[in-house]
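Input: a single structure, listed below in structure tokens.
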Amino acid sequence: MTGVQRTVTRTVVVLLAMFVFAFALVPLYDVFCRITGINGKVENTAQAMVRDSIDESRVITVQFVTRAGAGLPWKLEVLNRQVRVHPGAATEVHFAFTNHGSTAGWGRAVPSVSPSEASLYMRKITCFCFQEQRLAAGERLEAPLVFQLTRDLPDDIKTVTLVYTLYPVDDKPLATKATSVVPGGET
Amino acid sequence: MRNLAGVVAAIGGSVWLTRSALADGWNMPLGVTDVSRDIHGLHMTIFWICVVIGIVVFGVMFYSLFRYRRSKGAKSAHFHENTTVEVVWTAIPLLILVGMALPATATLKEMYDAEDADLDVMVTGQQWRWHYEYLGEDVSFISNMSTPRDQIDGAAAKGENYLLEVDQPLVLPVDRKVRFLLTSDDVVHSWWVPDLAVKQDAIPGFVNENWVRIEEPGTYRGQCTELCGRNHGFMPVVVEAVPPEEFDTWLAERKQAAAREASGVDREWGMDELMTRGQKVYESVCASCHQVDGSGNPPVFPALANNPALMEERDRHIATVINGVSGAPMPAFSSTLSPVEIAAVVTYERNAWGNETGDIVQPSEIQSQLE
Amino acid sequence: MAPKLPPQQPLQTPAEQGNDGAATAGHVNEGYHHGPSGLMRWLLTTNHKEIGTLYLIFSLSMFFIGGIFALVVRAELFQPGLQLVQPEFFNQMTTMHGLIMVFGAVMPGFVGLANWMIPLQVGAPDMALPRLNNFSFWLLPVAFTLLLSTLLMPGGGPNFGWTFYAPLSTTYAPPSTTFFILSLHIAGISSILGAINIIATILNMRAPGMRMMDMPLFVWTWLITAFLLIAVMPVLAGVITMMLMDINFGTSFFNAAGGGDPVMFQHIFWFFGHPEVYIMILPAFGIVSAIIPTFARKRLFGYASMVYATSSIAILSFLVWAHHMFAVGLPLVAELFFMYTTMLIAVPTGVKVFNWIATLFQGSISFETPMLFALAFVVLFTIGGFSGLMLAIAPADFQYHDTYFVVAHFHYVLVPGAVFAIMAAVYYWLPKWTGHYPNERLGRWHFWTSVIGVNLTFFPMHFSGLAGMPRRIPDYALQFADFNMASSIGALLFGTSQLLFVLMIIKCVRGGEKAPAKAWEGAEDLEWTVPSPAPLHTFDTPPQFHHREG
């Protein structure tokens with residue numbers, strides 16, 4: 001192999017590796033977020049409860065905000081807008097999904113935590129956000145969230161906000177999916 | 001020498017101008033919070049460090065250019081390296097950088113302070129307006145640019161606060177810690193008020209937070225700073241900071257108004273009042289995309305005037321306003337407009353611009369779809 | 001790595017191989033005949049000089065097209081209010097201006113210079129892969145015709161800024177976005193192939209006796225740039241492929257509704273984007289490091305530290321990307337990390353500036369046009385560096401971010417930075433390319449109008465930014481009016497003064513004072529040992545390189 005061929009082969013290998021790396025960044029980014037708490041991403045699978053003793057010296061305010069994304073005639077409400085919890089204690093909060101539409105459909109509540117560092121210490125033992133929800137027309141569904149803030153939550157975090165945005169799930173058959181001409185239009 | 005004199009004059013001139021014009025809108029505003037003043041101080045410190053470095057570096061450079069001109073018979077020396085000098089001019093910048101990093105780190109820590117806030121405001125970006133919600137207070141509203149189109153097109157004289165004025169400013173108390181939670185309904189926006197030194201991206205599906213403790217009452221203006229589409233330049237932020245007691249009164253009034261608005265659902269509304277109210281809502285919320293005359297901006301923003309499909313499907317029309325369209329710039333207005341407003345605007349859209357369907361949509365009908 | 005030369009020249013075209021035996025002693029052989037003539041000659045050429053010329057002409061055309069877009073933007077911003085264009089079109093203009101200047105003008109300009117000068121500077125007969133070289137050039141006109149054609153498509157061209165943040169560039173993008181992605185893919189492939197060729201040439205085809213640490217700095221900086229290209233262009237390809245999939249195949253990489261994350265787009269984009277910024281400036285460092293010693297008639301100070309500084313800048317460029325994202329809501333630790341790494345870049349960059357000034361110190365300096373541009377580069381790039389340092393300070397960046405202060409900063413490093421360096425290179429090497437000196441009088445007029453134009457355009461942007469003007473807005477509040485008017489007048493001056501540049505080039509190609517092989521008294525590198533104009537084929541017999549002692 002001449003020097004040129006060797007150089008070209010090596011650069012092409014690096015090239016391909018970098019292309020694969022770009023796609024590997026997607027899962028790596030998730031891992032990275034979970035390690036550092038960037039962007040307030042939370043685990044989307046159930047976690048085991050940590051058997052901490054309860055730290056009664058601290059009280060953390062946990063707020064819940066629910067929002068409607070576009071395109072789904074549903075409402076997501078939280079029944080306790082704000083709770084005060086001790087680190088280490090498990091707490092249950094109730095949410096209610098209501099389908100105001102005239103057909104059944106699928107929706108997903110996408111969570112986000114602020115401050116983002118808090119996502120590292122937020123353990124969700126049960127959450128409706130782990131899976132997509134199916135609601136029949138007019139159906140109302142109450143769903144619990146059981147969570148725990150671990151005791152190693154940094155001292156300077158005193159308020160944690162959890163925001164759930166409700167989005168339609170497009171790849172499931174969704175009879176009321178808004179399409180075409182009126183009035184929102186398409187892009 | 002021309003370039004020497006020119007550059008010295010340029011540098012000297014700009015230093016003088018920046019210095020003398022600090023208060024005249026040439027520099028970063030000092031702002032009205034602890035953080036904004038710290039940032040301003042940091043900015044000025046680093047600016048002056050750069051000026052000093054610049055004077056030294058360019059001084060040596062222009063001295064050399066002047067002194068060692070070939071036209072004056074300069075002969076070149078032969079040195080081309082000197083380890084001591086090279087180590088020194090690597091080490092000195094490092095030390096200067098450490099000197100800059102220390103105050104910067106302190107300010108940054110201050111900005112990330114997470115003490116409990118007295119008031120939480122949820123700020124939601126939408127193409128192309130802001131929605132504010134006072135969390136736990138049942139008060140929320142949309143804030144739209146109020147500069148008339150005539151001024152933008154040059155048909156009318158531009159007002160003092162051209163492009164930086166809104167129909168409903170965000171009212172905040174002074175001397176209380178206000179926490180902002182920011183998110184977006186569509187694309188990435190960024191909420192910025194220079195005097196408060198708060199700039200934070202609003203990202204769809206995610207929530208960010210920032211906070212402010214304003215020290216002086218006043219009106220503070222800013223803009224969206226992340227390109228968010230066509231009307232990115234027409235998405236101002238106006239904050240009105242008022243004394244705490246005044247704020248409490250204002251909030252109580254807003255709560256009453258919200259209650260009145262909610263009770264409006266219970267009664268039967270007439271065509272005229274719905275049309276009047278609907279036109280107001282339409283022009284503040286819908287017209288930026290669908291145009292004042294309902295002509296829209298196809299293909300992205302469909303026309304609402306003379307749109308037979310829309311006129312035939314009354315229920316779908318209502319549902320789209322309430323729920324929005326996934327993947328399109330049509331947000332779900334159920335979270336930002338009251339049932340009365342939705343009823344009024346749909347009634348307006350179905351009866352304005354020659355859309356004479358005669359349909360009346362009652363607030364109670366909207367309410368029933370939301371519960 | 002030990003210097004190597006290919007044992008034979010297996011990569012030459014058959015037409016050229018017929019002449020191998022005719023190579024005479026010395027490195028010049030004027031006896032070649034050409035293959036096809038006319039248009040086909042340019043379409044099929046594998047000669048590094050002809051391809052270099054094609055790249056440079058392409059780059060100049062794109063510079064004018066991108067410049068016209070910039071003038072549309074500046075004309076709209078001349079006064080408050082909307083006068084000439086609507087916001088939709090304004091956004092397309094800012095976006096296209098950025099894309100064309102970055103991918104169409106600056107990068108191909110540097111690649112053109114590399115094609116022309118790297119073989120001449122390392123004593124190689126041609127690039128290592130001449131046919132690939134032809135292919136990588138001809139991809140560019142295809143890519144940019146496609147990109148420009150999106151402006152005529154329904155819904156218009158890309159309107160989401162050259163950084164194309166999702167979801168504005170995916171869910172909310174115009175239908176032409178798929179073509180935009182395709183054109184960027186093609187341009188990216190062109191850059192990658194060019195980079196492979198440059199690396200292969202530099203590593204394998206240096207003249208006997210030339211060690212790595214003997215290479216001219218332009219060659220060194222390009223080698224490092226080429227490695228950066230190999231490392232990050234695939235990442236760009238990856239991120240636009242993800243966009244393509246989000247738009248057309250229903251994936252949700254960047255769509256929160258489907259479980260994706262718009263912020264991840266920004267992380268991946270800037271992982272490409274920050275090294276990309278250095279791709280556009282490192283070759284400029286090499287050019288200035290050739291010109292300043294020539295006209296100071298003194299050897300470059302600190303050659304080795306220049307090489308190390310360039311390498312450190314390249315390595316650091318992978319660790320600073322999130323300084324573009326200080327306001328997206330990073331946790332404190334991330335803000336601190338990226339602030340510190342970004343500040344660190346000031347150290348190697350400072351070393352470079354100090355070295356250039358030390359080269360001037362006790363030199364014997366004359367001020368021909370290439371030197372004027374190189375000196376303006378040092379001053380104005382340093383000013384861009386200062387504003388860069390200010391932007392690195394994360395707390396202050398919350399006020400600077402996405403304002404005209406940022407616009408001022410990156411235009412200072414790109415226009416009187418990268419673009420002035422390319423112009424300096426053109427003035428410097430035109431005698432070698434054409435055999436004629438550029439017209440000094442025209443050159444000076446071009447230089448002074450450009451310097452005044454550039455500063456009048458971009459200096460006021462510092463003030464409008466600090467005073468609170470966001471970038472990418474088609475209309476602005478009244479307090480920014482004076483700054484914008486000044487910027488627009490400056491832009492018009494800078495734009496029109498580039499016609500002088502074209503005039504100078506045309507005059508220089510047609511005639512002018514004859515240049516000898518060593519066109520500049522203080523010039524030292526190998527390219528000055530071949531005649532001016534450089535014959536089509538040079539260094540068929542490799543020159544023996546004698547490195548300088550002491």
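Convention: chains lettered A, B, ... in structure tokens order; per-chain residue numbering from 1; ligands numbered from 1 as shown.
Close contacts of segment 71-85 of chain B, defined as residues with an atom at most 8 Å away when counting only C-alpha atoms, with chain neighbours fewer than 2 positions off set aside, comprise Arg67, Tyr68, Arg69, Val87, Val88 and Trp89 of chain B; Ala296, Arg297, Lys298, Arg299, Leu300, Phe301, Gly302, Tyr303, Thr359, Gln362, Gly363, Ser364, Ile365 and Ser366 of chain C.
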Find the residues of chain B that sit at most 7 Å from chain A; for each, write down the nearest two atoms and how far apart they are in Å, to one decimal. Count only C-alpha atoms. Sort by chain, then by number going up, and give it as a Markdown table.
```
| residue | atom | partner | partner_atom | distance |
| --- | --- | --- | --- | --- |
| B:Ala114 | CA | A:Ile157 | CA | 5.8 |
| B:Glu115 | CA | A:Lys158 | CA | 6.5 |
| B:Asp116 | CA | A:Lys158 | CA | 6.1 |
| B:Asp185 | CA | A:Gly69 | CA | 6.6 |
| B:Gly205 | CA | A:Thr165 | CA | 6.2 |
| B:Phe206 | CA | A:Ser112 | CA | 5.2 |
| B:Val207 | CA | A:Ser112 | CA | 5.9 |
| B:Asn208 | CA | A:Ser114 | CA | 6.2 |
| B:Glu209 | CA | A:Ser114 | CA | 6.5 |
| B:Val300 | CA | A:Thr187 | CA | 5.2 |
| B:Phe301 | CA | A:Gly185 | CA | 5.8 |
| B:Pro302 | CA | A:Gly185 | CA | 5.5 |
| B:Leu304 | CA | A:Pro183 | CA | 6.9 |
| B:Ala309 | CA | A:Val182 | CA | 6.7 |
| B:Leu310 | CA | A:Val182 | CA | 5.5 |
| B:His317 | CA | A:Pro183 | CA | 6.4 |
| B:Thr320 | CA | A:Gly184 | CA | 6.6 |
| B:Asn323 | CA | A:Gly71 | CA | 5.2 |
| B:Gly324 | CA | A:Ala70 | CA | 4.4 |
| B:Val325 | CA | A:Gly71 | CA | 4.1 |
| B:Ser326 | CA | A:Gly71 | CA | 4.3 |
| B:Ala328 | CA | A:Glu186 | CA | 5.9 |
| B:Met330 | CA | A:Gly184 | CA | 5.4 |
| B:Pro331 | CA | A:Ala70 | CA | 5.1 |
| B:Ala332 | CA | A:Ala70 | CA | 4.7 |
| B:Ser335 | CA | A:Ala68 | CA | 6.7 |
| B:Gln369 | CA | A:His100 | CA | 5.7 |
| B:Leu370 | CA | A:His100 | CA | 6.5 |
```
For the selection you just gave me, I'd like the residues written to a file as a compact mmCIF listing (two decimals), in the first residue's frame, keeping C-alpha atoms.
```txt
# COMPACT_ATOMS: atom_id res chain seq x y z
CA ALA B 114 -32.32 28.96 44.39
CA GLU B 115 -33.84 30.66 47.43
CA ASP B 116 -37.60 30.35 47.56
CA ASP B 185 -45.72 26.06 22.73
CA GLY B 205 -41.60 20.56 26.05
CA PHE B 206 -38.99 21.68 28.56
CA VAL B 207 -39.00 24.13 31.40
CA ASN B 208 -36.27 26.58 32.36
CA GLU B 209 -36.15 28.86 35.32
CA VAL B 300 -48.82 27.81 6.39
CA PHE B 301 -51.63 30.04 7.62
CA PRO B 302 -54.90 29.24 5.83
CA LEU B 304 -60.32 32.28 7.32
CA ALA B 309 -64.52 24.16 4.32
CA LEU B 310 -64.20 26.22 7.47
CA HIS B 317 -63.54 25.14 13.81
CA THR B 320 -59.13 23.61 16.34
CA ASN B 323 -56.90 22.23 20.83
CA GLY B 324 -54.57 23.62 18.19
CA VAL B 325 -52.91 21.61 15.46
CA SER B 326 -50.04 19.31 16.22
CA ALA B 328 -48.23 23.46 13.01
CA MET B 330 -51.55 26.76 15.72
CA PRO B 331 -51.37 26.48 19.53
CA ALA B 332 -54.06 25.07 21.79
CA SER B 335 -54.69 27.20 27.97
CA GLN B 369 -66.06 21.15 25.88
CA LEU B 370 -63.44 21.97 28.47
```
Proximal residues of chain C relative to chain B (only C-alpha atoms; 6 Å) as a tab-separated table (two decimals) with all heavy atoms, in the first residue's frame:
```
chain	number	residue	atom	x	y	z
C	81	GLY	N	-38.80	50.49	10.55
C	81	GLY	CA	-39.98	50.29	9.71
C	81	GLY	C	-39.66	49.28	8.63
C	81	GLY	O	-38.49	48.96	8.39
C	82	LEU	N	-40.69	48.73	8.01
C	82	LEU	CA	-40.48	47.79	6.92
C	82	LEU	C	-40.67	48.54	5.61
C	82	LEU	O	-41.74	49.04	5.32
C	82	LEU	CB	-41.48	46.63	7.00
C	82	LEU	CG	-41.31	45.68	8.18
C	82	LEU	CD1	-42.41	44.62	8.16
C	82	LEU	CD2	-39.95	45.00	8.16
C	87	PRO	N	-40.86	40.37	6.42
C	87	PRO	CA	-40.07	39.56	7.35
C	87	PRO	C	-39.72	38.16	6.82
C	87	PRO	O	-38.61	37.68	7.04
C	87	PRO	CB	-40.95	39.47	8.59
C	87	PRO	CG	-41.78	40.70	8.54
C	87	PRO	CD	-42.01	41.00	7.10
C	88	GLU	N	-40.65	37.50	6.10
C	88	GLU	CA	-40.35	36.15	5.59
C	88	GLU	C	-39.11	36.18	4.72
C	88	GLU	O	-38.21	35.36	4.86
C	88	GLU	CB	-41.48	35.60	4.71
C	88	GLU	CG	-42.81	35.35	5.36
C	88	GLU	CD	-43.70	36.57	5.28
C	88	GLU	OE1	-43.18	37.72	5.20
C	88	GLU	OE2	-44.93	36.39	5.32
C	167	PRO	N	-37.00	23.23	16.70
C	167	PRO	CA	-37.88	22.71	15.66
C	167	PRO	C	-38.26	23.74	14.59
C	167	PRO	O	-39.04	23.41	13.71
C	167	PRO	CB	-39.13	22.30	16.44
C	167	PRO	CG	-39.15	23.22	17.61
C	167	PRO	CD	-37.74	23.58	17.93
C	168	LEU	N	-37.67	24.96	14.63
C	168	LEU	CA	-38.00	25.94	13.60
C	168	LEU	C	-37.58	25.40	12.22
C	168	LEU	O	-38.19	25.71	11.21
C	168	LEU	CB	-37.28	27.27	13.89
C	168	LEU	CG	-37.65	28.46	13.01
C	168	LEU	CD1	-39.13	28.81	13.16
C	168	LEU	CD2	-36.80	29.67	13.34
C	171	THR	N	-40.17	20.88	12.22
C	171	THR	CA	-41.62	20.92	12.21
C	171	THR	C	-42.16	22.19	11.57
C	171	THR	O	-43.19	22.18	10.90
C	171	THR	CB	-42.13	20.85	13.66
C	171	THR	OG1	-41.35	19.88	14.35
C	171	THR	CG2	-43.58	20.45	13.71
C	256	ALA	N	-40.12	17.47	20.96
C	256	ALA	CA	-40.47	17.11	22.33
C	256	ALA	C	-41.73	16.26	22.38
C	256	ALA	O	-41.85	15.36	23.21
C	256	ALA	CB	-40.66	18.37	23.17
C	298	LYS	N	12.03	39.32	7.83
C	298	LYS	CA	12.56	38.75	9.07
C	298	LYS	C	11.83	37.44	9.28
C	298	LYS	O	10.63	37.33	9.01
C	298	LYS	CB	12.26	39.73	10.21
C	298	LYS	CG	12.79	39.33	11.56
C	298	LYS	CD	12.87	40.57	12.45
C	298	LYS	CE	12.97	40.17	13.90
C	298	LYS	NZ	11.67	39.82	14.47
C	299	ARG	N	12.56	36.44	9.76
C	299	ARG	CA	11.93	35.14	9.92
C	299	ARG	C	10.79	35.19	10.93
C	299	ARG	O	10.86	35.95	11.90
C	299	ARG	CB	12.98	34.14	10.41
C	299	ARG	CG	13.07	32.92	9.53
C	299	ARG	CD	14.20	32.08	9.99
C	299	ARG	NE	13.68	30.81	10.49
C	299	ARG	CZ	14.46	29.84	10.91
C	299	ARG	NH1	15.77	29.99	10.92
C	299	ARG	NH2	13.93	28.72	11.32
C	301	PHE	N	8.69	34.80	13.99
C	301	PHE	CA	9.07	34.55	15.38
C	301	PHE	C	8.25	33.38	15.91
C	301	PHE	O	7.04	33.30	15.70
C	301	PHE	CB	8.82	35.80	16.22
C	301	PHE	CG	9.33	35.68	17.62
C	301	PHE	CD1	10.64	36.04	17.94
C	301	PHE	CD2	8.52	35.19	18.62
C	301	PHE	CE1	11.13	35.91	19.23
C	301	PHE	CE2	9.00	35.04	19.92
C	301	PHE	CZ	10.31	35.41	20.22
C	302	GLY	N	8.93	32.45	16.60
C	302	GLY	CA	8.22	31.40	17.32
C	302	GLY	C	7.48	30.41	16.43
C	302	GLY	O	6.32	30.09	16.67
C	327	ALA	N	-27.62	30.50	27.41
C	327	ALA	CA	-28.97	30.87	27.85
C	327	ALA	C	-30.00	29.75	27.68
C	327	ALA	O	-31.18	29.97	27.88
C	327	ALA	CB	-29.45	32.13	27.13
C	328	VAL	N	-29.58	28.53	27.29
C	328	VAL	CA	-30.59	27.48	27.11
C	328	VAL	C	-30.97	26.81	28.42
C	328	VAL	O	-31.83	25.93	28.43
C	328	VAL	CB	-30.20	26.34	26.14
C	328	VAL	CG1	-29.98	26.85	24.75
C	328	VAL	CG2	-29.03	25.54	26.64
C	329	GLY	N	-30.33	27.20	29.52
C	329	GLY	CA	-30.69	26.59	30.79
C	329	GLY	C	-29.74	25.48	31.18
C	329	GLY	O	-30.18	24.40	31.57
C	357	ILE	N	3.62	40.09	16.18
C	357	ILE	CA	4.16	41.41	16.52
C	357	ILE	C	5.66	41.32	16.76
C	357	ILE	O	6.42	42.19	16.34
C	357	ILE	CB	3.40	41.99	17.72
C	357	ILE	CG1	1.97	42.31	17.24
C	357	ILE	CG2	4.08	43.22	18.26
C	357	ILE	CD1	1.02	42.71	18.32
C	361	PHE	N	8.80	43.36	15.07
C	361	PHE	CA	9.75	44.09	15.89
C	361	PHE	C	11.16	43.92	15.33
C	361	PHE	O	11.63	42.79	15.11
C	361	PHE	CB	9.67	43.56	17.33
C	361	PHE	CG	10.45	44.37	18.31
C	361	PHE	CD1	10.01	45.62	18.72
C	361	PHE	CD2	11.64	43.89	18.83
C	361	PHE	CE1	10.73	46.37	19.63
C	361	PHE	CE2	12.36	44.63	19.75
C	361	PHE	CZ	11.91	45.89	20.14
C	362	GLN	N	11.81	45.04	15.08
C	362	GLN	CA	13.17	45.04	14.51
C	362	GLN	C	13.24	44.39	13.15
C	362	GLN	O	14.24	43.78	12.78
C	362	GLN	CB	14.18	44.39	15.47
C	362	GLN	CG	14.33	45.22	16.73
C	362	GLN	CD	15.49	44.78	17.60
C	362	GLN	OE1	16.10	43.75	17.36
C	362	GLN	NE2	15.79	45.59	18.59
C	363	GLY	N	12.14	44.48	12.40
C	363	GLY	CA	12.20	44.01	11.02
C	363	GLY	C	12.60	45.16	10.11
C	363	GLY	O	13.12	46.18	10.55
C	364	SER	N	12.36	44.93	8.81
C	364	SER	CA	12.60	45.98	7.84
C	364	SER	C	11.33	46.01	6.99
C	364	SER	O	11.19	45.28	6.02
C	364	SER	CB	13.83	45.63	7.02
C	364	SER	OG	13.95	46.50	5.91
C	365	ILE	N	10.40	46.84	7.43
C	365	ILE	CA	9.00	46.64	7.04
C	365	ILE	C	8.63	47.52	5.85
C	365	ILE	O	8.94	48.72	5.83
C	365	ILE	CB	8.07	46.97	8.22
C	365	ILE	CG1	8.44	46.10	9.42
C	365	ILE	CG2	6.61	46.75	7.85
C	365	ILE	CD1	7.85	46.55	10.72
C	366	SER	N	7.98	46.92	4.86
C	366	SER	CA	7.38	47.71	3.78
C	366	SER	C	5.90	47.36	3.72
C	366	SER	O	5.46	46.35	4.25
C	366	SER	CB	8.08	47.42	2.45
C	366	SER	OG	8.00	46.05	2.17
C	395	PRO	N	-21.77	35.00	32.78
C	395	PRO	CA	-22.82	35.87	33.30
C	395	PRO	C	-23.09	37.04	32.36
C	395	PRO	O	-24.25	37.40	32.11
C	395	PRO	CB	-22.26	36.38	34.63
C	395	PRO	CG	-21.04	35.61	34.90
C	395	PRO	CD	-20.62	34.89	33.67
C	396	ALA	N	-22.02	37.63	31.82
C	396	ALA	CA	-22.21	38.76	30.91
C	396	ALA	C	-22.86	38.30	29.61
C	396	ALA	O	-23.58	39.04	28.97
C	396	ALA	CB	-20.88	39.44	30.64
C	398	PHE	N	-25.23	36.41	29.25
C	398	PHE	CA	-26.70	36.47	29.32
C	398	PHE	C	-27.21	37.79	28.74
C	398	PHE	O	-28.31	37.85	28.21
C	398	PHE	CB	-27.18	36.31	30.76
C	398	PHE	CG	-27.28	34.86	31.18
C	398	PHE	CD1	-26.22	34.21	31.76
C	398	PHE	CD2	-28.46	34.15	30.97
C	398	PHE	CE1	-26.31	32.88	32.13
C	398	PHE	CE2	-28.55	32.82	31.35
C	398	PHE	CZ	-27.48	32.18	31.92
C	402	ASP	N	-27.13	36.50	21.49
C	402	ASP	CA	-28.13	36.74	20.45
C	402	ASP	C	-28.47	38.21	20.24
C	402	ASP	O	-29.57	38.55	19.82
C	402	ASP	CB	-29.42	35.93	20.72
C	402	ASP	CG	-29.42	34.63	19.91
C	402	ASP	OD1	-28.72	34.58	18.89
C	402	ASP	OD2	-30.12	33.69	20.30
C	463	PHE	N	-22.32	48.62	19.73
C	463	PHE	CA	-23.16	49.51	20.54
C	463	PHE	C	-24.63	49.11	20.44
C	463	PHE	O	-25.33	49.07	21.43
C	463	PHE	CB	-22.98	50.96	20.09
C	463	PHE	CG	-21.56	51.44	20.18
C	463	PHE	CD1	-20.92	51.99	19.08
C	463	PHE	CD2	-20.84	51.30	21.36
C	463	PHE	CE1	-19.61	52.42	19.16
C	463	PHE	CE2	-19.53	51.73	21.45
C	463	PHE	CZ	-18.91	52.29	20.34
C	466	LEU	N	-25.10	46.08	22.63
C	466	LEU	CA	-25.08	46.37	24.07
C	466	LEU	C	-26.33	47.12	24.48
C	466	LEU	O	-26.87	46.92	25.56
C	466	LEU	CB	-23.83	47.18	24.42
C	466	LEU	CG	-22.52	46.42	24.32
C	466	LEU	CD1	-21.35	47.35	24.58
C	466	LEU	CD2	-22.49	45.26	25.30
C	467	ALA	N	-26.80	47.99	23.59
C	467	ALA	CA	-27.98	48.78	23.93
C	467	ALA	C	-29.25	47.93	23.87
C	467	ALA	O	-30.31	48.39	24.26
C	467	ALA	CB	-28.11	49.97	22.99
C	470	PRO	N	-31.67	42.77	19.46
C	470	PRO	CA	-31.46	41.35	19.16
C	470	PRO	C	-31.05	41.16	17.70
C	470	PRO	O	-31.32	42.02	16.86
C	470	PRO	CB	-32.85	40.73	19.40
C	470	PRO	CG	-33.68	41.77	20.02
C	470	PRO	CD	-33.08	43.08	19.68
C	473	ILE	N	-33.58	40.48	13.41
C	473	ILE	CA	-34.88	41.13	13.40
C	473	ILE	C	-34.94	42.06	12.19
C	473	ILE	O	-33.96	42.73	11.87
C	473	ILE	CB	-35.19	41.87	14.71
C	473	ILE	CG1	-34.11	42.91	15.05
C	473	ILE	CG2	-35.34	40.89	15.86
C	473	ILE	CD1	-34.46	43.76	16.26
C	477	ALA	N	-36.40	49.01	17.27
C	477	ALA	CA	-36.87	50.18	18.03
C	477	ALA	C	-36.02	51.39	17.67
C	477	ALA	O	-34.90	51.28	17.20
C	477	ALA	CB	-36.79	49.88	19.52
```
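Summary of the local environment: counting only C-alpha atoms, residues at most 10 Å from Leu223 of chain C, other than itself and those fewer than 6 positions away along its chain, are Ala114, Ile118, Ala195, Ile196, Ile198, Ile199, Ala200, Thr201, Ile202, Leu203, Leu217, Leu229, Leu282, Pro283 and Ser311 of chain C.
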Distance-based interface of chain C with chain A, 8 Å, counting only C-alpha atoms, as a ChimeraX atom specification: /C:4,6,128,171-175,196-197,199-201,203-204,230-232,234-239,253,256-259,263-264,268,329-331
DSSP strand (DSSP E) selection over segment 59-170 of chain A, as number ranges by chain: A: 60-68, 74-78, 82-85, 90-99, 105-114, 122-126, 133-135, 140-149, 159-168
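Each of B:Gly278, B:Ser284, B:Gly358, B:Ala305 was compared to Val346 of chain B using only C-alpha atoms, and B:Gly278 turns out to be the nearest.
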Backbone DSSP call of alpha helix (DSSP H) for segment 26-177 of chain A, listed as an NGL selection string: :A and (26-36)
Segment 246-261 of chain B surroundings by only C-alpha atoms, 10 Å radius, close-in-sequence under 2 positions cut, as a ChimeraX atom specification: /B:134,137-141,171-174,240-244,263-266,338-341
Polymer residues at most 9 Å from Phe97 of chain A, only C-alpha atoms, same-chain spacing of 4 or more positions, as a list in words: Trp74, Lys75, Leu76, Glu77, Val78, Gln133, Leu135, Glu139, Arg140, Leu141, Glu142 and Ala143 of chain A
Selection: 9 Å around Val509 of chain C, only C-alpha atoms, excl. self and same-chain fewer than 6 positions, as a PyMOL selection string: chain C and resi 430+433-436+438
Selection near Glu349 of chain B, 12 Å with only C-alpha atoms, sequence-local residues under 6 positions removed, as a PyMOL selection string: (chain A and resi 183) or (chain B and resi 274-283+286-287+290-295+303-307+310-311+314+317-318+321+342-343+355-361)
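Note that the spacing between atom CA of Pro535 of chain C and atom CA of Gly522 of chain C amounts to 22.2 Å.
With distances restricted to only C-alpha atoms, A:Met122 is the closest residue to Leu149 of chain A from A:Ala96, A:Val59, A:Met122, A:Leu28.
Checking B:Leu95, B:Leu181, B:Ile142, B:Ala344 one by one against Val123 of chain B, counting only C-alpha atoms, you find the shortest gap at B:Leu181.
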